[in-house]
Each structure stands twice: as structure tokens, then as C-alpha cells.
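Below: one structure, written as C-alpha cells.
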Amino acid sequence: MPVASVFRAIVRRSALPETCVLAVVSVLVVVGAAGSMPELAVVALAGAAGSTLAGVRLSRLAAGPDAPTLGTPGGRLARRRAARPRRAAALLHAAVVSAGLTAAVLPLVAVGGRSTAAVAGLAGTAALLGGGLFSLPRRAATPARLWWRRLLDGAVAGACLVLTAWLLLPYAGVPTPVRLVAAMATGLLTGTVLALLTGPDRASGITRCRAGAGLTLLALTLLAALPTGTGTGRTALLAVAPLVTGVLLTAAGVRRVVEAAGEPPPTASVVWPRVVVPAVGVVLAIVHQLQSGQLPDHTTVVLALAAVPALVARELLTVAPQTAPAQITPAQTAETGTEVRSRAGAGSGAVVGEPVPVGRAALLRALAARSEAAGGTLLVVDLHLTEVPGVSARDDVAAEAVRRARAVTAADDEVIDLAGSGFAVVTGAGALLAYALGARLLEALDRPYEVSGAVLRSRASVGLAELAHGRPEDVLRQADLARRRAVQLGRDRIEWYDAYLEEQLVRRLDLERELPGAVARGELDLVYQPVIGLADRLPVGTEALLRWRSPVLGTVFPAELLPVAEDLDIVGELGVWVLDRACRQVAEWSVGGRRLWMAVNVTTRELISPDFVPRTAAVLAAHGVTPDQLVIEVAEPRVCTELPTVVARLAGLRSMGIRTALDDFRAEQASLAQLRRLPIDLLKVSPEVTEASRDRPLLDVVVTIADRLGAELVAEGLESAHQVEAACRAGCRYGQGYELARPATAERVEAYFEEFPSTSR
């Protein structure tokens with residue numbers, strides 16, 4: 001008896017009839033494409049086959065078993081619940097029959113009435129499908145924010161697919177309004193189906209019903225927009241696949257709703273089809289249009305722009321909750337015992353009851369056991385969530401991260417949960433394989449996490465240390481130091497521990513501890529490097545260079561100092577001190593009638609500050625320095641991030657008479673395009689640009705653009721006589737570097753100026 005029951009269940013759920021129908025439909029499409037059968041006849045036969053099978057399935061589901069009687073406990077409520085799927089099955093049964101009849105009557109209707117018949121069938125089928133879908137049992141309500149995000153995802157894909165349909169559908173003889181409606185319906189329905197079949201609920205019966213309804217309506221839309229005339233060409237065959245697939249998918253979805261004990265839990269969305277399919281469609285459509293020699297019309301342009309509002313709204317919805325990122329960072333946790341949790345994580349697919357070692361003590365024991373065996377590697381993984389979830393959502397993300405880690409690690413690797421602050425992997429693999437494992441972990445952890453009704457993303461950082469380097473406590477400390485280094489370098493990366501790394505991290509901590517208060521303690525200093533006119537080799541100005549004379553750390557240079565200052569948000573404080581000291585110094589040098597200019601480097605963050613221009617004017621006035629004696633330098637690689645504001649600030653400085661300079665110019669195509677927008681007076685280039693033997697055409701472009709903008713070229717970093725001569729030949733007016741003059745204190749630079757009594761700018 002049990003064997004017979006199993007056999008009946010297998011037969012009842014067999015896909016053999018669907019397979020046979022699909023095979024027959026495929027043969028019909030091939031025959032129609034070969035011209036051996038009228039296209040509308042193929043549509044009629046294929047639609048009849050698919051609708052007949054789907055109708056049989058749905059009619060059985062609509063009949064269903066007897067509902068509970070009113071006399072039983074909860075009978076009234078149970079009766080209502082049982083009636084909903086059967087009522088939905090009855091309405092959907094009528095819908096698929098209507099779709100099949102619409103396809104079947106088209107070959108029988110006169111040519112002039114086909115569009116009317118197809119539109120009537122489309123309207124009736126749509127009404128029945130809507131009623132059937134509304135009658136299906138409701139799932140838990142989706143949070144509004146997540147619902148809007150999914151809607152905008154579908155809108156972006158739909159807009160691209162509308163453009164694709166407009167350009168590719170062979171409806172040349174169809175009036176433009178009808179063609180546009182068909183393209184819009186085709187694109188939006190395709191986008192909706194794509195979103196449903198790749199979303200987190202794609203395995204549920206309700207989602208399958210909705211996707212099937214969308215495909216059915218798509219097929220009828222294609223038929224309703226067929227060109228009028230005696231022949232439809234192969235256009236009608238485009239409707240066969242969505243029609244047959246749609247009615248069969250609808251029936252399969254209803255069966256899952258009626259017969260399943262419960263809906264499956266949500267799973268992770270499949271993102272790539274929603275991105276790739278619309279993009280590929282647009283590319284193919286544009287290539288097709290170009291090959292046919294057609295120019296884009298107004299409708300094409302409007303449809304291409306239609307995706308922009310949805311895309312912008314989607315990005316704003318994504319960025320809005322990121323005002324206070326939450327971070328999960330590994331702790332050197334004071335746990336002494338071993339905790340074992342049973343964790344599954346929402347939608348993670350993890351086995352309930354699967355033991356997960358938790359905590360530092362468990363990790364240390366695993367390290368000791370592995371070290372005593374054959375060595376290996378420790379990987380410490382940090383998770384940084386880009387949004388602020390609740391505690392339960394954080395726990396679900398941690399559980400899902402552990403599950404993904406187990407999926408990419410070997411059977412004998414140990415994955416240890418660090419109690420909500422990331423996890424660790426102890427592996428017997430050597431350096432090369434351990435690094436490859438870290439790369440797999442980054443890839444696995446980069447996928448979105450759909451937990452508690454929200455979609456979260458994380459940026460992981462991995463630190464590695466070899467077990468052969470010391471005691472378990474030392475190995476854990478080393479891996480965590482490497483992990484911290486990966487975080488400092490921008491996350492989404494892997495870092496190995498080494499002794500130099502530890503020295504860097506310790507020094508970084510010392511810098512962060514000592515830098516605040518350096519201004520108040522009088523530890524900052526300026527040195528000055530003269531700028532020389534290459535034609536007469538006379539000094540014309542200087543550049544102020546910051547130095548931090550720390551009694552603890554020694555002399556610290558800007559390359560090491562400024563990144564720490566930016567992280568501590570004290571760049572503005574340092575910039576105020578540098579500008580004031582530099583202006584005071586150039587004022588002192590101007591007492592004897594010497595006319596020199598002072599160049600001061602500022603960061604982009606300083607420059608875009610709203611009060612930078614008036615504050616600079618106040619400093620000049622306080623020291624009696626004329627505006628033309630000050631040059632404000634900003635580094636080119638940092639400008640592009642805030643280009644409009646930088647342009648406005650530089651223009652404000654120039655309107656006061658202050659000269660501006662662009663430092664670290666890279667002479668790339670993007671830099672050349674950006675240079676046209678920047679109001680600058682001096683362009684500082686490296687020796688590589690000025691040496692004609694390397695790239696003379698590029699140098700000519702730089703010189704030409706500088707001339708047209710009225711900017712003077714300054715060659716910096718000149719360390720040999722050859723470089724000085726090359727810069728002079730290239731057209732650079734000024735030079736700067738060790739070959740000409742080294743940076744020095746104010747007293748030594750003043751003594752250097754005394755050698756040139758007639759120095760001027």
C-alpha cells in the first residue's frame with residue numbers, strides 16, 4: 001500500500017503531459033517558420049494544446065475535495081479558506097480557456113476583424129486573470145520600502161524592454177500609436193515577469209500564477225497588434241512561446257497553492273537576469289537599428305530617457321537609509337566558554353539545529369588543535385553592513401554569512417561564529433589556497449541579504465595569518481591586524497599579516513593618538529621650496545610644505561599626515577594654521593621690496609568648505625598681503641569627486657586676484673577634458689610629461705590647452721640637469737625640484753633669496 005501511494009503521487013505530479021505539449025508546440029513552430037503551415041494556424045493549434053492541458057489541470061483543482069462542514073470546530077473559517085483556491089482555480093480556468101479561444105478564432109476571422117477579435121479576447125482574459133489572482137490566498141504584506149524597491153527595479157528593466165520592443169518588433173505596417181502601445185505593454189509585461197521569476201518568492205505558487213498571467217497577456221498583446229493584411233509573416237510566431245508557457249505556468253502555480261502544505265520561504269533574489277536581459281536587449285536593438293541605417297526618432301529618444309526617473313528614484317531609495325552605517329567588527333572577546341547555537345537565518349536555507357561553534361575560546365581551541373596537527377591558516381572575516389538593521393536582522397545576516405562560508409569551504413575546515421561580529425575560518429590549506437579561499441568568501445558574502453523583509457548588503461574584509469607564526473593568541477592577533485588593515489584600505493579586500501604590516505598599524509595608532517592637539521602644542525612647522533623661472537633661473541616664489549615635528553614620532557610628512565587628519569576630521573584646523581603661517585612669512589619677505597608669491601596646498605575638503613574664500617581674504621588682509629602674492633594649489637586626482645564646487649571656489653579665488661594652480665596633473669584624456677572646466681593660472685606637471693622622448697603628441701596637447709586657458713606650466717620634481725633642460729624646451733615657464741633648490745627653513749630660504757637681489761614674480 002505505501003508503494004502504491006508513492007507511485008500514485010509520482011504519477012499525479014508527473015510532467016510528462018507538459019513535456020509532450022511543449023514538444024508538439026516546438027514542432028509546430030519549426031513547421032510554421034519553414035513556411036509549411038500558416039502562422040496563425042500554428043498559433044491556433046499551439047494555443048489550443050496548451051490551454052486544453054492547463055484547463056484540465058485547473059478544472060480538477062476547481063472541483064477539489066469537499067470543504068469542512070459548518071458543524072466542525074472552525075468549520076466556517078476553514079470553509080472560507082478552502083474556497084479561495086478553488087474559486088481562483090475556476091476563474092483562472094476560464095482565463096486560459098479564453099486565451100486559447102482567442103488564439104483559435106484568429107485564422108477564422110476576416111482579415112479586417114482580427115485586431116478587434118484579439119483585443120476583445122485580451123480584455124476578457126485580462127479580467128478573468130485579474131479576478132483569479134485576486135482570489136488567491138494572500139501572503140504576508142511586504143514592507144513598503146521593499147515593495148517600492150522591487151517596483152522600481154521592475155520599472156527600470158521594463159523601460160529598457162519597452163525600448164527594445166519598439167525597435168525590434170516587426171510591426172512596420174502597424175500605426176504608430178498601436179505600435180507604441182504594443183511596445184509598452186510588451187516591455188512592461190516582460191519586465192514584470194522577469195522580476196517575478198528572479199525575486200525572492202519565485203518558488204511560490206502565487207508568484208508562478210502571476211508570472212504565467214503576465215506571459216499570457218504578453219502573448220495576446222502581440223497578437224492584438226499584428227499588422228493588418230493578408231499575411232502576418234513570422235510575427236505571429238512570437239506569441240506562441242509566451243502563450244503556451246503562460247497558461248501552463250498558471251496551472252502549475254495554482255496546483256502548488258492548492259496542494260502544497262505551505263509556501264516555501266523566501267530565497268535570495270537572482271539579480272543578474274534583471275540586469276543582463278534588459279541591457280542585452282537594448283544593445284541588440286540599437287545594433288539592429290544601426291545596421292538597418294535608421295536614425296533614432298523622437299519616440300526612441302523619449303523611451304530611452306524613460307528609464308532615468310525610475311533609476312534615479314531607485315538609487316535615492318537605496319542611499320536614503322545609509323546615513324548611519326552599522327558595522328560588525330570582531331572583538332577580542334572575553335569569552336571563556338564555548339557556546340553552540342542552532343541558527344538558520346531567514347531564507348538562508350541552513351539546516352535547523354546545525355551546530356555552530358561560537359566565541360573566542362572555541363576559536364583558540366581550534367587553532368591549537370590545527371597547529372598541533374599540520375599547520376594551516378586563520379582567516380578572520382569582518383562584515384560591514386551598509387544599512388542600519390535591527391538586532392534580529394543583524395543576527396540573521398550573521399547566520400546567513402556563516403552558511404555561505406560553509407558552502408565555499410572544505411569539509412575539514414572549521415567555520416566559527418564570532419557572536420554577531422563576523423566569523424573566522426580555520427583551514428589546513430597553505431598560503432596560496434588560503435588566499436583563494438578568501439577570494440571565494442568575498443564573492444559569496446557580496447551577494448545581498450534578504451532578511452526580515454529587507455534587502456541588506458555588506459562589505460567584507462578578510463585578514464589572514466599562518467598558524468606557524470606563534471601561539472594561537474598571537475595568530476588571532478595577527479589575523480585581526482590584517483583584517484583591520486583591509487578595512488583601512490577600503491574593504492572588499494584580503495590582507496596578509498606580516499611584521500611590516502604590524503609596524504604600520506602601530507604607527508597609524510600612534511599618529512591618531514598624537515595628531516590631535518599638535519597645533520596647540522606648537523609642533524607644526526613649514527618649510528619652503530623655491531620656484532624658479534627657467535629662462536633666467538631667478539626665484540619667483542615658494543611653495544609652503546607642511547611638517548609635523550612630533551617629539552614622539554619624529555618628523556612626519558604630508559603624505560602620511562594628511563590621510564590621518566582626514567580620518568580624524570581635523571584637516572580644516574591644520575589648513576587654517578598653514579594658510580596663516582604662510583601668509584605671515586610672505587609678508588615678512590616682502591618688507592624689503594621683494595615680490596614673491598607663496599603657494600599653499602589645500603585639500604578638496606578644505607576648498608569646498610563654504611567659508612574658504614572669505615576666510616582666505618581675511619587672512620590676506622590681516623597680514624597685508626596682496627592677493628596676487630598667494631597661489632592656492634589643489635591636487636588634480638582629488639578634484640574630480642567635487643568638480644562643480646571646486647570650479648566655483650577656484651573662480652571665487654580668481655575674482656579676488658588670487659592665483660590658482662592644479663597639482664599632480666596626470667595628462668590623461670579625462671584630465672585634459674577636466675582641465676577645460678577648471679579656472680587655473682598654473683599647471684604643475686611631472687618630468688615624465690615634459691620629456692619629449694616619451695610622448696611628444698601628448699605634451700603638445702598639454703601645452704596647447706595651457707596656452708588657450710592662459711595657464712603657465714610649472715615642471716615639478718626636477719632632479720637632474722637633463723630634466724631641467726627638457727622642461728625648458730617643452731615650454732614650461734617655471735621649475736621646481738631638488739636640482740634647482742631644496743626645501744628649507746624660512747631663514748635658509750631668505751638667505752638663498754639674498755643671492756638674487758632683483759627677485760620678482
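Identifiers in the C-alpha cells: chain A, B, ... in order shown; residue index from 1 per chain; ligand index from 1 in order shown.
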
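The shell of residues at most 8 Å from range 12-26 of chain A, with only C-alpha atoms counted and near chain neighbours (fewer than 4 positions) removed, consists of Arg8, Val30, Ala46, Ala49, Gly50, Leu53, Val244 and Leu248 of chain A.
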
Who sits within 10 Å of Asp569 in chain A, only C-alpha atoms, same chain under 5 positions skipped, as a count of residues only: 4

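The neighbours of Val162 in chain A here are the residues that come within 7 Å of it, using only C-alpha atoms and leaving out any residue fewer than 6 positions away in the same chain; they are Ala183, Met184, Thr186, Gly187 and Leu188 of chain A.
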
Restrict the selected residues to C-alpha atoms and save them as a PDB file, in the first residue's frame.
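Result file follows (out18.pdb):
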```pdb
ATOM      1  CA  ALA A 183       5.781  48.041 -27.284  1.00  0.00           C
ATOM      2  CA  MET A 184       4.881  49.478 -23.880  1.00  0.00           C
ATOM      3  CA  THR A 186       5.339  44.069 -24.229  1.00  0.00           C
ATOM      4  CA  GLY A 187       8.182  45.713 -22.323  1.00  0.00           C
ATOM      5  CA  LEU A 188       6.319  46.235 -19.054  1.00  0.00           C
TER       6      LEU A 188
END
```

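Closest approach to Gly376 in chain A among A:Pro107, A:Gly428, A:Gly572, A:Pro177: A:Gly428, based on only C-alpha atoms.
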
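Checking A:Val275, A:Val27, A:Leu650, A:Val451 one by one against Asp396 in chain A, counting only C-alpha atoms, you find the shortest gap at A:Val451.
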
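Taking CA of Glu573 in chain A and CA of Leu515 in chain A as endpoints, the distance between them is 11.3 Å.
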